[in-house]
$ cat model.cif   # mmCIF, C-alpha atoms
data_run
#
loop_
_atom_site.label_atom_id
_atom_site.label_comp_id
_atom_site.auth_asym_id
_atom_site.auth_seq_id
_atom_site.Cartn_x
_atom_site.Cartn_y
_atom_site.Cartn_z
CA LEU A 243 28.87 8.19 -13.11
CA GLU A 244 28.89 9.67 -9.63
CA HIS A 245 29.87 13.05 -11.08
CA THR A 246 26.99 12.93 -13.58
CA PHE A 247 24.38 12.11 -10.95
CA GLU A 248 25.68 14.70 -8.48
CA ASN A 249 26.23 17.54 -10.96
CA ASP A 250 23.79 16.95 -13.83
CA PHE A 251 20.93 15.53 -11.76
CA ASN A 252 21.62 17.09 -8.34
CA LYS A 253 21.33 13.65 -6.71
CA THR A 254 23.03 12.31 -3.61
CA ILE A 255 25.09 9.20 -4.32
CA GLN A 256 25.41 6.19 -2.05
CA LEU A 257 28.39 4.09 -3.06
CA ILE A 258 28.05 0.38 -2.35
CA ASP A 259 31.15 -1.71 -2.83
CA ASN A 260 32.51 -5.14 -1.97
CA ARG A 261 33.64 -4.11 1.51
CA ASP A 262 30.04 -3.82 2.77
CA PRO A 263 27.59 -4.83 0.01
CA ASN A 264 24.72 -5.38 2.44
CA LYS A 265 24.82 -2.01 4.17
CA LYS A 266 21.50 -0.26 4.67
CA ARG A 267 20.31 1.61 1.59
CA ASP A 268 19.57 5.31 1.61
CA ASN A 269 16.21 5.59 -0.19
CA ASP A 270 16.84 9.27 -0.97
CA ALA A 271 20.12 8.57 -2.78
CA VAL A 272 21.05 6.96 -6.05
CA SER A 273 22.89 3.73 -5.24
CA VAL A 274 25.99 3.15 -7.34
CA ILE A 275 27.15 -0.43 -6.90
CA LYS A 276 30.78 -1.28 -7.50
CA LEU A 277 30.91 -4.96 -6.62
CA HIS A 278 34.48 -5.54 -7.61
CA GLY A 279 35.79 -2.39 -5.97
CA ASP A 280 36.48 1.25 -6.61
CA ILE A 281 39.60 2.73 -8.16
CA LEU A 282 39.79 5.06 -5.15
CA THR A 283 40.45 2.02 -2.90
CA PRO A 284 42.51 -0.30 -5.14
CA GLN A 285 43.58 -2.46 -2.20
CA HIS A 286 39.96 -3.69 -1.99
CA CYS A 287 39.45 -4.42 -5.70
CA ILE A 288 38.57 -7.99 -6.70
CA MET A 289 40.97 -8.80 -9.51
CA SER A 290 42.72 -12.14 -9.07
CA GLN A 291 41.37 -15.68 -9.26
CA ASN A 292 41.76 -15.99 -5.48
CA HIS A 293 39.82 -12.75 -4.93
CA TYR A 294 36.96 -14.08 -7.08
CA ASN A 295 37.01 -17.47 -5.32
CA ASN A 296 36.82 -15.76 -1.94
CA ALA A 297 34.04 -13.42 -3.07
CA TYR A 298 31.83 -15.86 -5.03
CA GLY A 299 32.83 -19.36 -3.98
CA ASN A 300 35.51 -21.77 -5.08
CA GLY A 301 34.32 -23.97 -7.96
CA CYS A 302 30.65 -22.96 -7.76
CA ILE A 303 28.65 -19.92 -6.72
CA ASP A 304 27.98 -19.81 -2.97
CA LEU A 305 24.83 -17.75 -2.38
CA THR A 306 25.64 -17.47 1.33
CA LEU A 307 28.72 -15.31 0.67
CA PRO A 308 28.18 -11.53 0.95
CA ILE A 309 28.43 -10.58 -2.74
CA PRO A 310 26.26 -13.39 -4.22
CA LYS A 311 23.79 -12.90 -1.35
CA PHE A 312 23.67 -9.15 -2.10
CA LEU A 313 23.22 -9.81 -5.83
CA GLN A 314 20.38 -12.23 -5.15
CA GLN A 315 18.62 -9.81 -2.79
CA THR A 316 19.06 -6.82 -5.08
CA PHE A 317 18.24 -8.62 -8.35
CA THR A 318 15.00 -10.03 -6.92
CA THR A 319 13.74 -6.86 -5.19
CA SER A 320 14.96 -3.83 -7.18
CA SER A 321 15.17 -2.73 -10.78
CA LEU A 322 18.81 -2.35 -11.77
CA LEU A 323 20.51 -0.30 -14.46
CA PHE A 324 23.87 -1.68 -15.55
CA LEU A 325 26.30 0.87 -16.92
CA GLY A 326 29.95 0.20 -17.62
CA CYS A 327 29.47 -3.42 -16.65
CA SER A 328 30.26 -5.97 -19.34
CA LEU A 329 27.70 -8.54 -18.18
CA ASN A 330 29.63 -11.13 -20.12
CA ASN A 331 30.26 -14.68 -19.01
CA ASP A 332 31.58 -14.04 -15.50
CA ARG A 333 30.58 -14.95 -11.97
CA THR A 334 28.17 -12.05 -11.59
CA VAL A 335 26.34 -13.24 -14.71
CA GLU A 336 26.34 -16.81 -13.34
CA VAL A 337 24.56 -15.53 -10.21
CA PHE A 338 21.97 -13.66 -12.31
CA LYS A 339 21.34 -16.69 -14.55
CA HIS A 340 20.91 -18.90 -11.47
CA ILE A 341 18.42 -16.42 -9.97
CA LYS A 342 16.51 -16.18 -13.26
CA GLN A 343 16.31 -20.00 -13.59
CA GLN A 344 15.14 -20.36 -9.98
CA ALA A 345 12.51 -17.66 -10.48
CA ARG A 346 11.18 -19.59 -13.51
CA VAL A 347 10.98 -22.80 -11.47
CA ASP A 348 9.27 -21.00 -8.58
CA GLY A 349 6.95 -19.02 -10.89
CA VAL A 350 8.23 -15.73 -9.48
CA ASP A 351 8.28 -12.49 -11.49
CA LEU A 352 11.50 -10.54 -11.17
CA PRO A 353 11.79 -6.76 -11.40
CA LYS A 354 12.82 -5.32 -14.76
CA HIS A 355 16.54 -4.74 -15.25
CA TYR A 356 18.28 -2.68 -17.93
CA SER A 357 21.75 -2.24 -19.38
CA ILE A 358 22.98 0.73 -21.39
CA GLU A 359 24.97 -0.85 -24.20
CA GLN A 360 27.01 0.32 -27.16
CA ALA A 361 25.43 -1.25 -30.23
CA SER A 362 27.35 -3.73 -32.30
CA ASP A 363 28.18 -2.79 -35.88
CA SER A 364 26.10 -5.74 -37.12
CA LYS A 365 22.49 -6.82 -36.73
CA GLN A 366 23.74 -10.31 -35.86
CA GLY A 367 25.89 -8.88 -33.06
CA ILE A 368 22.94 -6.95 -31.65
CA ALA A 369 20.68 -10.01 -31.86
CA LYS A 370 23.28 -12.21 -30.13
CA ARG A 371 23.80 -9.65 -27.34
CA ASN A 372 20.03 -9.15 -26.95
CA GLN A 373 19.62 -12.90 -26.46
CA ALA A 374 22.43 -13.15 -23.91
CA LEU A 375 21.07 -10.25 -21.85
CA LEU A 376 17.46 -11.42 -22.01
CA GLU A 377 18.50 -14.89 -20.78
CA MET A 378 19.53 -13.27 -17.51
CA GLY A 379 16.54 -10.92 -17.40
CA VAL A 380 18.21 -7.71 -18.58
CA THR A 381 16.78 -5.47 -21.31
CA PRO A 382 19.38 -3.54 -23.31
CA ILE A 383 19.13 0.16 -24.10
CA TRP A 384 21.31 0.74 -27.15
CA PHE A 385 23.40 3.70 -28.21
CA GLN A 386 25.35 4.11 -31.44
CA PRO A 387 28.99 2.93 -31.49
CA GLY A 388 31.37 5.56 -30.15
CA GLU A 389 28.63 8.01 -29.13
CA PHE A 390 29.30 7.81 -25.39
CA ASP A 391 27.86 11.28 -24.73
CA THR A 392 24.50 9.70 -25.52
CA VAL A 393 24.68 7.82 -22.21
CA THR A 394 24.13 11.05 -20.26
CA GLU A 395 21.09 11.81 -22.43
CA ILE A 396 19.73 8.32 -21.80
CA LEU A 397 20.21 8.83 -18.06
CA LYS A 398 18.42 12.20 -18.24
CA PHE A 399 15.50 10.58 -20.02
CA ALA A 400 15.42 7.73 -17.47
CA MET A 401 15.42 10.22 -14.57
CA HIS A 402 12.54 12.07 -16.23
CA GLU A 403 10.62 8.80 -16.57
CA VAL A 404 11.19 7.94 -12.92
CA LYS A 405 9.85 11.35 -11.83
CA TYR A 406 6.87 11.01 -14.17
CA ARG A 407 6.00 7.54 -12.93
CA GLU A 408 6.35 8.62 -9.30
CA ALA A 409 3.97 11.51 -10.00
CA MET A 410 1.49 9.14 -11.66
CA THR A 411 1.62 6.79 -8.68
CA VAL A 412 0.93 9.63 -6.23
CA SER A 413 -2.03 10.94 -8.23
CA ASP A 414 -3.68 7.53 -8.78
#

$ encode --input "model.cif" --output "structure tokens"
Amino acid sequence: LEHTFENDFNKTIQLIDNRDPNKKRDNDAVSVIKLHGDILTPQHCIMSQNHYNNAYGNGCIDLTLPIPKFLQQTFTTSSLLFLGCSLNNDRTVEVFKHIKQQARVDGVDLPKHYSIEQASDSKQGIAKRNQALLEMGVTPIWFQPGEFDTVTEILKFAMHEVKYREAMTVSD
């Protein structure tokens, strides 16, 4: 992902990981968030039950801990694109569902979030996945099974859209 943004899109990357999730964002860079760590620093990866308990809370999500706090701040203030993230029933998803439920109660509109997803082979599988993602406020962008090169094309289109919308905002 970093390679694609740097080489195909000529973008500066700011890597945000679990060691300092709340560091100041560089508005001129594309933020790549690796909450559970980066393969380049395996000693800091969150992999075991104890790691997850320390990062998210033991027994229930603790929104005062750095990672849940970061997720809450980011999910409520920025549009996110999930890529290579399963967004299945895990603690990150629990945080997003909690935020979405609280936003409904408070009558707050959240930013739009997207996930680039490999389509299921069945319509039922796609419908089930659509429902699960929409429950947490994430809109899927589908690509055909096995056609992973399509992801770069989707990213190119998204970057074009961002530039176009920025240009429209400036000219309005």

$ closest_residue --input "model.cif" --among "A:Asn296, A:Gln373, A:Asn252, A:Gln360" --to "Glu389 (chain A)" --atoms "all atoms listed in the file"
A:Gln360

$ atom_distance --input "model.cif" --atom1 "CA of Ala361 (chain A)" --atom2 "CA of Ile383 (chain A)"
8.9 Å

$ closest_residue --input "model.cif" --among "A:Lys405, A:Val335, A:Ser362, A:Ala400" --to "Trp384 (chain A)" --atoms "only C-alpha atoms"
A:Ser362

$ residues_around --input "model.cif" --residues "region 311-315 of chain A" --least-positions-apart "5" --cutoff "8 Å" --atoms "only C-alpha atoms" --output "number ranges by chain"
A: 263-264, 305-306, 334, 337-338, 341

$ closest_residue --input "model.cif" --among "A:Tyr298, A:Tyr356, A:Phe399, A:Phe247" --to "Asn260 (chain A)" --atoms "all atoms listed in the file"
A:Tyr298

$ resolve_selection --input "model.cif" --expression "the PyMOL selection byres ((chain A and resi 267) around 12)" --output "MDAnalysis selection string"
chainID A and resid 255:258 262:266 268:275 312 316 320

$ residues_around --input "model.cif" --residues "region 344-354 of chain A" --least-positions-apart "2" --cutoff "6 Å" --atoms "all atoms listed in the file" --output "PDB file with C-alpha atoms, in the coordinates of the input"
ATOM      1  CA  THR A 318      15.000 -10.030  -6.920  1.00  0.00           C
ATOM      2  CA  SER A 321      15.170  -2.730 -10.780  1.00  0.00           C
ATOM      3  CA  ILE A 341      18.420 -16.420  -9.970  1.00  0.00           C
ATOM      4  CA  LYS A 342      16.510 -16.180 -13.260  1.00  0.00           C
TER       5      LYS A 342
END

$ residues_around --input "model.cif" --residues "Phe324 (chain A)" --least-positions-apart "5" --cutoff "9 Å" --atoms "only C-alpha atoms" --output "list in words"
Leu329, His355, Tyr356, Ser357, Ile358, Glu359 and Val380 of chain A

$ closest_atom_pairs --input "model.cif" --of "region 306-341 of chain A" --to "region 278-283 of chain A" --cutoff "12 Å" --atoms "all atoms listed in the file" --output "Markdown table"
| residue | atom | partner | partner_atom | distance |
| --- | --- | --- | --- | --- |
| A:Ile309 | CA | A:His278 | CA | 9.3 |
| A:Pro310 | CA | A:His278 | CA | 11.9 |
| A:Cys327 | CA | A:His278 | CA | 10.6 |
| A:Asp332 | CA | A:His278 | CA | 12.0 |
| A:Arg333 | CA | A:His278 | CA | 11.1 |
| A:Thr334 | CA | A:His278 | CA | 9.9 |

$ closest_residue --input "model.cif" --among "A:Asn295, A:Glu244, A:Leu376, A:Thr392" --to "Leu307 (chain A)" --atoms "only C-alpha atoms"
A:Asn295

$ axis_aligned_box --input "model.cif" --around "region 380-398 of chain A" --padding-each-side "6 Å" --output "AutoDock Vina command-line options"
--center_x 24.1 --center_y 2.2 --center_z -24.8 --size_x 26.6 --size_y 31.9 --size_z 25.4

$ atom_distance --input "model.cif" --atom1 "CA of Lys339 (chain A)" --atom2 "CA of Glu377 (chain A)"
7.1 Å

$ atom_distance --input "model.cif" --atom1 "CA of Leu322 (chain A)" --atom2 "CA of Val404 (chain A)"
12.9 Å
